[in-house]
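Enquirer: Sharing start.pdb, PDB, C-alpha atoms and all ligand atoms:
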ATOM      1  CA  MET A  21       0.000   0.000   0.000  1.00  0.00           C
ATOM      2  CA  PHE A  22       2.698   2.441   1.057  1.00  0.00           C
ATOM      3  CA  ILE A  23       4.575   1.921  -2.185  1.00  0.00           C
ATOM      4  CA  GLU A  24       1.795   1.212  -4.673  1.00  0.00           C
ATOM      5  CA  GLN A  25      -0.318   4.211  -3.695  1.00  0.00           C
ATOM      6  CA  PRO A  26       1.872   6.946  -2.169  1.00  0.00           C
ATOM      7  CA  PRO A  27       0.360   8.310   1.063  1.00  0.00           C
ATOM      8  CA  GLN A  28      -0.720  11.905   1.473  1.00  0.00           C
ATOM      9  CA  PHE A  29       2.257  12.977   3.601  1.00  0.00           C
ATOM     10  CA  PHE A  30       4.670  11.807   0.921  1.00  0.00           C
ATOM     11  CA  ARG A  31       2.703  13.653  -1.766  1.00  0.00           C
ATOM     12  CA  ALA A  32       2.758  16.761   0.415  1.00  0.00           C
ATOM     13  CA  LEU A  33       6.583  16.822   0.277  1.00  0.00           C
ATOM     14  CA  TYR A  34       6.376  17.837  -3.381  1.00  0.00           C
ATOM     15  CA  PRO A  35       3.131  19.774  -3.619  1.00  0.00           C
ATOM     16  CA  CYS A  36       3.746  21.228  -7.078  1.00  0.00           C
ATOM     17  CA  ALA A  37       4.307  17.807  -8.572  1.00  0.00           C
ATOM     18  CA  LEU A  38       1.551  16.028 -10.409  1.00  0.00           C
ATOM     19  CA  TRP A  39       0.382  12.908  -8.551  1.00  0.00           C
ATOM     20  CA  ARG A  40      -3.155  12.392  -9.741  1.00  0.00           C
ATOM     21  CA  MET A  41      -5.338  14.026 -12.344  1.00  0.00           C
ATOM     22  CA  ASP A  42      -8.987  14.983 -11.895  1.00  0.00           C
ATOM     23  CA  PRO A  43     -10.592  12.608  -9.328  1.00  0.00           C
ATOM     24  CA  ASN A  44     -14.013  13.320 -10.819  1.00  0.00           C
ATOM     25  CA  GLU A  45     -13.047  11.999 -14.201  1.00  0.00           C
ATOM     26  CA  LYS A  46     -13.259   8.334 -15.141  1.00  0.00           C
ATOM     27  CA  ALA A  47      -9.837   8.341 -16.768  1.00  0.00           C
ATOM     28  CA  VAL A  48      -6.348   6.960 -16.192  1.00  0.00           C
ATOM     29  CA  TYR A  49      -2.963   8.057 -17.528  1.00  0.00           C
ATOM     30  CA  LEU A  50      -0.409   5.398 -18.434  1.00  0.00           C
ATOM     31  CA  THR A  51       3.283   6.147 -18.041  1.00  0.00           C
ATOM     32  CA  PHE A  52       6.356   4.010 -18.800  1.00  0.00           C
ATOM     33  CA  ASP A  53       9.744   4.614 -17.202  1.00  0.00           C
ATOM     34  CA  ASP A  54      13.373   3.732 -17.896  1.00  0.00           C
ATOM     35  CA  GLY A  55      13.337   3.033 -21.661  1.00  0.00           C
ATOM     36  CA  PRO A  56      13.641   3.136 -24.513  1.00  0.00           C
ATOM     37  CA  ILE A  57      15.153  -0.302 -25.168  1.00  0.00           C
ATOM     38  CA  PRO A  58      14.762  -2.529 -28.233  1.00  0.00           C
ATOM     39  CA  GLU A  59      13.840  -5.606 -26.177  1.00  0.00           C
ATOM     40  CA  VAL A  60      10.707  -4.112 -24.596  1.00  0.00           C
ATOM     41  CA  THR A  61       9.663  -0.689 -25.921  1.00  0.00           C
ATOM     42  CA  PRO A  62       8.457  -1.845 -29.387  1.00  0.00           C
ATOM     43  CA  TRP A  63       6.291  -4.512 -27.744  1.00  0.00           C
ATOM     44  CA  VAL A  64       4.689  -1.889 -25.489  1.00  0.00           C
ATOM     45  CA  LEU A  65       4.105   0.389 -28.495  1.00  0.00           C
ATOM     46  CA  GLU A  66       2.384  -2.395 -30.441  1.00  0.00           C
ATOM     47  CA  LEU A  67       0.072  -3.107 -27.538  1.00  0.00           C
ATOM     48  CA  LEU A  68      -0.782   0.576 -27.033  1.00  0.00           C
ATOM     49  CA  ASP A  69      -1.491   0.954 -30.772  1.00  0.00           C
ATOM     50  CA  LYS A  70      -3.779  -2.050 -30.700  1.00  0.00           C
ATOM     51  CA  HIS A  71      -5.882  -0.292 -28.066  1.00  0.00           C
ATOM     52  CA  ASP A  72      -5.416   3.192 -29.512  1.00  0.00           C
ATOM     53  CA  ILE A  73      -3.863   4.450 -26.263  1.00  0.00           C
ATOM     54  CA  LYS A  74      -1.378   7.311 -25.980  1.00  0.00           C
ATOM     55  CA  ALA A  75       1.008   7.269 -23.029  1.00  0.00           C
ATOM     56  CA  THR A  76       3.963   9.155 -21.589  1.00  0.00           C
ATOM     57  CA  PHE A  77       7.453   7.631 -21.622  1.00  0.00           C
ATOM     58  CA  PHE A  78       9.894   8.923 -19.021  1.00  0.00           C
ATOM     59  CA  MET A  79      13.153   8.103 -20.709  1.00  0.00           C
ATOM     60  CA  VAL A  80      16.702   7.672 -19.522  1.00  0.00           C
ATOM     61  CA  GLY A  81      18.888   9.933 -21.659  1.00  0.00           C
ATOM     62  CA  ASP A  82      21.606   7.331 -22.053  1.00  0.00           C
ATOM     63  CA  ASN A  83      19.047   4.866 -23.454  1.00  0.00           C
ATOM     64  CA  VAL A  84      17.864   7.475 -25.954  1.00  0.00           C
ATOM     65  CA  ARG A  85      21.490   7.960 -27.002  1.00  0.00           C
ATOM     66  CA  LYS A  86      21.970   4.200 -27.438  1.00  0.00           C
ATOM     67  CA  HIS A  87      18.589   3.492 -29.040  1.00  0.00           C
ATOM     68  CA  PRO A  88      17.563   6.430 -31.239  1.00  0.00           C
ATOM     69  CA  GLU A  89      15.404   4.170 -33.406  1.00  0.00           C
ATOM     70  CA  GLU A  90      13.197   3.176 -30.485  1.00  0.00           C
ATOM     71  CA  TYR A  91      13.086   6.791 -29.329  1.00  0.00           C
ATOM     72  CA  ASN A  92      11.810   7.838 -32.756  1.00  0.00           C
ATOM     73  CA  MET A  93       9.211   5.075 -32.735  1.00  0.00           C
ATOM     74  CA  VAL A  94       7.747   6.448 -29.492  1.00  0.00           C
ATOM     75  CA  VAL A  95       7.645  10.005 -30.846  1.00  0.00           C
ATOM     76  CA  GLU A  96       6.253   9.051 -34.255  1.00  0.00           C
ATOM     77  CA  ARG A  97       3.379   7.131 -32.721  1.00  0.00           C
ATOM     78  CA  GLY A  98       2.218  10.229 -30.911  1.00  0.00           C
ATOM     79  CA  HIS A  99       3.237   9.446 -27.352  1.00  0.00           C
ATOM     80  CA  ARG A 100       4.654  11.999 -24.974  1.00  0.00           C
ATOM     81  CA  ILE A 101       8.246  12.034 -23.743  1.00  0.00           C
ATOM     82  CA  GLY A 102       9.490  12.905 -20.275  1.00  0.00           C
ATOM     83  CA  ASN A 103      12.971  13.386 -18.822  1.00  0.00           C
ATOM     84  CA  HIS A 104      14.120  10.702 -16.331  1.00  0.00           C
ATOM     85  CA  THR A 105      17.722  11.990 -16.073  1.00  0.00           C
ATOM     86  CA  PHE A 106      20.614  10.849 -18.257  1.00  0.00           C
ATOM     87  CA  ASN A 107      21.903   8.064 -16.004  1.00  0.00           C
ATOM     88  CA  HIS A 108      18.872   7.204 -13.870  1.00  0.00           C
ATOM     89  CA  ILE A 109      20.489   8.757 -10.810  1.00  0.00           C
ATOM     90  CA  ARG A 110      19.171   9.057  -7.253  1.00  0.00           C
ATOM     91  CA  GLY A 111      18.646  12.624  -6.106  1.00  0.00           C
ATOM     92  CA  PHE A 112      19.839  11.974  -2.551  1.00  0.00           C
ATOM     93  CA  GLU A 113      23.240  10.826  -3.803  1.00  0.00           C
ATOM     94  CA  PHE A 114      23.976  13.962  -5.842  1.00  0.00           C
ATOM     95  CA  LEU A 115      24.556  17.640  -5.250  1.00  0.00           C
ATOM     96  CA  THR A 116      21.785  19.716  -6.800  1.00  0.00           C
ATOM     97  CA  LYS A 117      24.198  21.228  -9.314  1.00  0.00           C
ATOM     98  CA  ASN A 118      25.271  17.789 -10.553  1.00  0.00           C
ATOM     99  CA  TYR A 119      21.780  16.392 -10.512  1.00  0.00           C
ATOM    100  CA  MET A 120      20.521  19.266 -12.641  1.00  0.00           C
ATOM    101  CA  ALA A 121      23.466  18.856 -15.012  1.00  0.00           C
ATOM    102  CA  ASN A 122      22.477  15.213 -15.504  1.00  0.00           C
ATOM    103  CA  ALA A 123      18.859  16.199 -16.214  1.00  0.00           C
ATOM    104  CA  ASP A 124      20.060  18.905 -18.637  1.00  0.00           C
ATOM    105  CA  LYS A 125      22.234  16.352 -20.403  1.00  0.00           C
ATOM    106  CA  ALA A 126      19.159  14.159 -20.886  1.00  0.00           C
ATOM    107  CA  ASN A 127      17.286  17.109 -22.318  1.00  0.00           C
ATOM    108  CA  GLU A 128      19.901  17.443 -25.034  1.00  0.00           C
ATOM    109  CA  VAL A 129      18.685  14.152 -26.522  1.00  0.00           C
ATOM    110  CA  MET A 130      14.952  14.671 -25.856  1.00  0.00           C
ATOM    111  CA  GLN A 131      13.268  18.022 -25.634  1.00  0.00           C
ATOM    112  CA  THR A 132      10.519  17.932 -23.054  1.00  0.00           C
ATOM    113  CA  ASP A 133       8.953  19.973 -20.282  1.00  0.00           C
ATOM    114  CA  LEU A 134       8.082  16.904 -18.178  1.00  0.00           C
ATOM    115  CA  PHE A 135      10.362  15.373 -15.548  1.00  0.00           C
ATOM    116  CA  ARG A 136      10.080  12.348 -13.307  1.00  0.00           C
ATOM    117  CA  PRO A 137      12.800  11.717 -10.700  1.00  0.00           C
ATOM    118  CA  PRO A 138      14.228   8.174 -10.735  1.00  0.00           C
ATOM    119  CA  HIS A 139      13.131   6.239  -7.618  1.00  0.00           C
ATOM    120  CA  GLY A 140      10.810   9.136  -6.769  1.00  0.00           C
ATOM    121  CA  HIS A 141      13.579  10.873  -4.827  1.00  0.00           C
ATOM    122  CA  MET A 142      14.519  14.516  -4.991  1.00  0.00           C
ATOM    123  CA  ARG A 143      16.273  16.676  -2.467  1.00  0.00           C
ATOM    124  CA  TRP A 144      14.278  19.790  -1.654  1.00  0.00           C
ATOM    125  CA  MET A 145      16.724  22.027  -3.536  1.00  0.00           C
ATOM    126  CA  GLN A 146      16.534  19.732  -6.535  1.00  0.00           C
ATOM    127  CA  TYR A 147      12.768  19.889  -6.435  1.00  0.00           C
ATOM    128  CA  LEU A 148      12.868  23.691  -6.347  1.00  0.00           C
ATOM    129  CA  ALA A 149      15.320  23.838  -9.251  1.00  0.00           C
ATOM    130  CA  LEU A 150      13.408  21.247 -11.272  1.00  0.00           C
ATOM    131  CA  LYS A 151      10.019  22.839 -10.873  1.00  0.00           C
ATOM    132  CA  ARG A 152      11.290  26.067 -12.380  1.00  0.00           C
ATOM    133  CA  ARG A 153      12.052  24.237 -15.598  1.00  0.00           C
ATOM    134  CA  TYR A 154       9.742  21.250 -15.722  1.00  0.00           C
ATOM    135  CA  LYS A 155       6.347  19.962 -14.777  1.00  0.00           C
ATOM    136  CA  ILE A 156       7.305  17.259 -12.275  1.00  0.00           C
ATOM    137  CA  VAL A 157       5.209  14.137 -12.708  1.00  0.00           C
ATOM    138  CA  MET A 158       5.028  11.551  -9.924  1.00  0.00           C
ATOM    139  CA  TRP A 159       2.299   8.883  -9.799  1.00  0.00           C
ATOM    140  CA  ASP A 160      -0.893   7.791  -8.104  1.00  0.00           C
ATOM    141  CA  LEU A 161      -0.164   4.104  -8.635  1.00  0.00           C
ATOM    142  CA  VAL A 162       3.135   2.350  -9.186  1.00  0.00           C
ATOM    143  CA  THR A 163       2.497  -1.203 -10.346  1.00  0.00           C
ATOM    144  CA  ARG A 164       5.865  -2.517  -9.031  1.00  0.00           C
ATOM    145  CA  ASP A 165       6.303  -4.411 -12.281  1.00  0.00           C
ATOM    146  CA  TYR A 166      10.080  -4.078 -11.746  1.00  0.00           C
ATOM    147  CA  SER A 167      10.033  -6.124  -8.535  1.00  0.00           C
ATOM    148  CA  LYS A 168      11.736  -9.496  -8.515  1.00  0.00           C
ATOM    149  CA  LYS A 169       9.477 -10.450  -5.617  1.00  0.00           C
ATOM    150  CA  LEU A 170       6.321 -10.078  -7.689  1.00  0.00           C
ATOM    151  CA  ARG A 171       4.918 -12.125 -10.549  1.00  0.00           C
ATOM    152  CA  GLY A 172       2.648 -10.905 -13.341  1.00  0.00           C
ATOM    153  CA  PRO A 173      -0.632 -11.747 -11.563  1.00  0.00           C
ATOM    154  CA  GLN A 174       0.431  -9.728  -8.506  1.00  0.00           C
ATOM    155  CA  VAL A 175       1.292  -6.745 -10.663  1.00  0.00           C
ATOM    156  CA  LEU A 176      -2.127  -7.013 -12.280  1.00  0.00           C
ATOM    157  CA  ALA A 177      -3.671  -7.280  -8.803  1.00  0.00           C
ATOM    158  CA  ASN A 178      -2.010  -3.969  -7.851  1.00  0.00           C
ATOM    159  CA  VAL A 179      -3.662  -2.288 -10.816  1.00  0.00           C
ATOM    160  CA  MET A 180      -7.033  -3.845  -9.993  1.00  0.00           C
ATOM    161  CA  ARG A 181      -6.773  -2.764  -6.391  1.00  0.00           C
ATOM    162  CA  TYR A 182      -5.411   0.764  -6.635  1.00  0.00           C
ATOM    163  CA  ALA A 183      -6.453   2.243  -9.993  1.00  0.00           C
ATOM    164  CA  ARG A 184      -9.024   5.016  -9.530  1.00  0.00           C
ATOM    165  CA  ASN A 185     -10.284   8.144 -11.232  1.00  0.00           C
ATOM    166  CA  GLY A 186      -7.431  10.308 -12.433  1.00  0.00           C
ATOM    167  CA  SER A 187      -4.697   7.775 -11.602  1.00  0.00           C
ATOM    168  CA  ILE A 188      -1.302   8.356 -13.156  1.00  0.00           C
ATOM    169  CA  ILE A 189      -0.140   4.747 -13.456  1.00  0.00           C
ATOM    170  CA  THR A 190       3.514   3.747 -13.704  1.00  0.00           C
ATOM    171  CA  PHE A 191       4.850   0.747 -15.602  1.00  0.00           C
ATOM    172  CA  HIS A 192       8.399   0.241 -16.876  1.00  0.00           C
ATOM    173  CA  ASP A 193       9.663  -0.581 -20.355  1.00  0.00           C
ATOM    174  CA  SER A 194      12.765  -2.178 -18.877  1.00  0.00           C
ATOM    175  CA  LEU A 195      14.395  -5.609 -18.725  1.00  0.00           C
ATOM    176  CA  LYS A 196      13.601  -5.838 -15.010  1.00  0.00           C
ATOM    177  CA  SER A 197       9.888  -5.562 -15.686  1.00  0.00           C
ATOM    178  CA  TRP A 198       9.795  -7.562 -18.913  1.00  0.00           C
ATOM    179  CA  ASN A 199       8.551 -10.845 -17.425  1.00  0.00           C
ATOM    180  CA  ASN A 200       5.869  -9.132 -15.408  1.00  0.00           C
ATOM    181  CA  ILE A 201       4.497  -6.733 -17.976  1.00  0.00           C
ATOM    182  CA  GLN A 202       4.041  -9.406 -20.627  1.00  0.00           C
ATOM    183  CA  TYR A 203       1.404 -10.812 -18.336  1.00  0.00           C
ATOM    184  CA  ALA A 204       0.171  -7.740 -16.501  1.00  0.00           C
ATOM    185  CA  LEU A 205       0.080  -4.936 -19.067  1.00  0.00           C
ATOM    186  CA  PRO A 206      -2.392  -6.413 -21.595  1.00  0.00           C
ATOM    187  CA  ARG A 207      -4.609  -7.650 -18.779  1.00  0.00           C
ATOM    188  CA  SER A 208      -4.443  -4.321 -16.942  1.00  0.00           C
ATOM    189  CA  ILE A 209      -5.554  -2.516 -20.084  1.00  0.00           C
ATOM    190  CA  GLU A 210      -8.436  -4.966 -20.567  1.00  0.00           C
ATOM    191  CA  PHE A 211      -9.446  -4.592 -16.929  1.00  0.00           C
ATOM    192  CA  LEU A 212      -9.367  -0.786 -17.017  1.00  0.00           C
ATOM    193  CA  LYS A 213     -11.398  -0.721 -20.229  1.00  0.00           C
ATOM    194  CA  GLU A 214     -13.989  -3.058 -18.756  1.00  0.00           C
ATOM    195  CA  GLU A 215     -14.200  -0.805 -15.697  1.00  0.00           C
ATOM    196  CA  GLY A 216     -15.045   2.046 -18.041  1.00  0.00           C
ATOM    197  CA  TYR A 217     -11.850   4.092 -17.783  1.00  0.00           C
ATOM    198  CA  GLU A 218     -10.781   6.295 -20.616  1.00  0.00           C
ATOM    199  CA  PHE A 219      -7.038   6.398 -21.335  1.00  0.00           C
ATOM    200  CA  LYS A 220      -5.788   9.957 -21.510  1.00  0.00           C
ATOM    201  CA  LEU A 221      -2.475  11.588 -22.252  1.00  0.00           C
ATOM    202  CA  LEU A 222      -0.848  13.877 -19.673  1.00  0.00           C
TER
HETATM  203 ZN    ZN A 301      13.145   4.864 -13.244  1.00  0.00          ZN
END
Any chance you could give the structure as C-alpha cells?
Expert:
Amino acid sequence: MFIEQPPQFFRALYPCALWRMDPNEKAVYLTFDDGPIPEVTPWVLELLDKHDIKATFFMVGDNVRKHPEEYNMVVERGHRIGNHTFNHIRGFEFLTKNYMANADKANEVMQTDLFRPPHGHMRWMQYLALKRRYKIVMWDLVTRDYSKKLRGPQVLANVMRYARNGSIITFHDSLKSWNNIQYALPRSIEFLKEEGYEFKLL
C-alpha cells in the first residue's frame, strides 16, 4: 500500500508535482519509465497501438542515445516524452548542481517539459530547481512491475486494487519488468477498459 499508492504525507513533500489528475473523471494516464530499449519498448508500443492508447514515456537519456530508433518510434506514434535523467540517478546521492546537469544532459537528446525523478527521490533544492524548468510528474499508482518479488498476476492485482479516477499509473519498459508486464500490461488494459476508464495523455 505504502509503495503502490503513495500516502498523502509523501505527496505533500512535493506539492507542485503532479500525482493524480482529476478525481471526478473516469480516466487513467499510463506512463512508462526507464526506456527506450529494443527488447521491450516496441512490444509496449504495439500493444498501445492495438488499443489506440497514448502514453507518456519517461526516458533515460543514455538509453535514448543508445537506441535512437526506439526513441523515434515512441515520438512518431504520438506518445509523450518525459525526462528521467541521463543516467537514472538518485537525487539523494547527488549535489543539486550535478543532478541538474544530468537532467540537462538528458534534455539534449529529448526536448521535453516533463520530468520524473528516478526512484521518486529529490532533495528539496533539486525539487525547487526542477520545478522552475519542468512539470514534475510523480504517480498515483506504481504497479511494481520491476520487482523481482512479484509475478505478473500480482502486478495485475495492484492495478485492480489501486487504480481510480485520475490515476497516473507507472509501468516500466525495462528488462527488469519484462517478465511481469508481458502478463500484466495487456490484462491491466483490458481490466481498465472493462471498468469504463478512458485512457488519456498527460
Ligand atoms: Zn526509473
Enquirer: Between atom CA of A:Glu96 and atom CA of A:Val129, measure the distance and give it in Å to one decimal.
Expert: 15.5 Å
Enquirer: Give me, as a ChimeraX atom specification, all polymer residues having an atom no more than 8 Å from stretch 153-158 of chain A, counting all atoms listed in the file and skipping those fewer than 3 positions away in the same chain.
Expert: /A:36-39,133-137,140,149-150,188
Enquirer: As a quick test: using all atoms listed in the file, which residues lie no more than 8 Å away from ligand ZN 301 (chain A)? Give them as a PyMOL selection string.
Expert: chain A and resi 53-54+78+80+104+108+137-139+192
Enquirer: Using only C-alpha atoms, which of A:Leu68, A:Leu222, A:Ile201, A:Leu115 sits nearest A:Arg171?
Expert: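 Checking each of A:Leu68, A:Leu222, A:Ile201, A:Leu115 against A:Arg171, counting only C-alpha atoms, the winner is A:Ile201.
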Enquirer: Could you jot down the atom CA of A:Ala183 to atom CA of A:Leu161 separation for me, Å, one decimal place?
Expert: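 Going from atom CA of A:Ala183 over to atom CA of A:Leu161, I get 6.7 Å.
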Enquirer: What is the atom CA of A:Lys125-atom CA of A:Asp82 distance in Å, reported with one decimal?
Expert: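 Distance between the two atoms: 9.2 Å.
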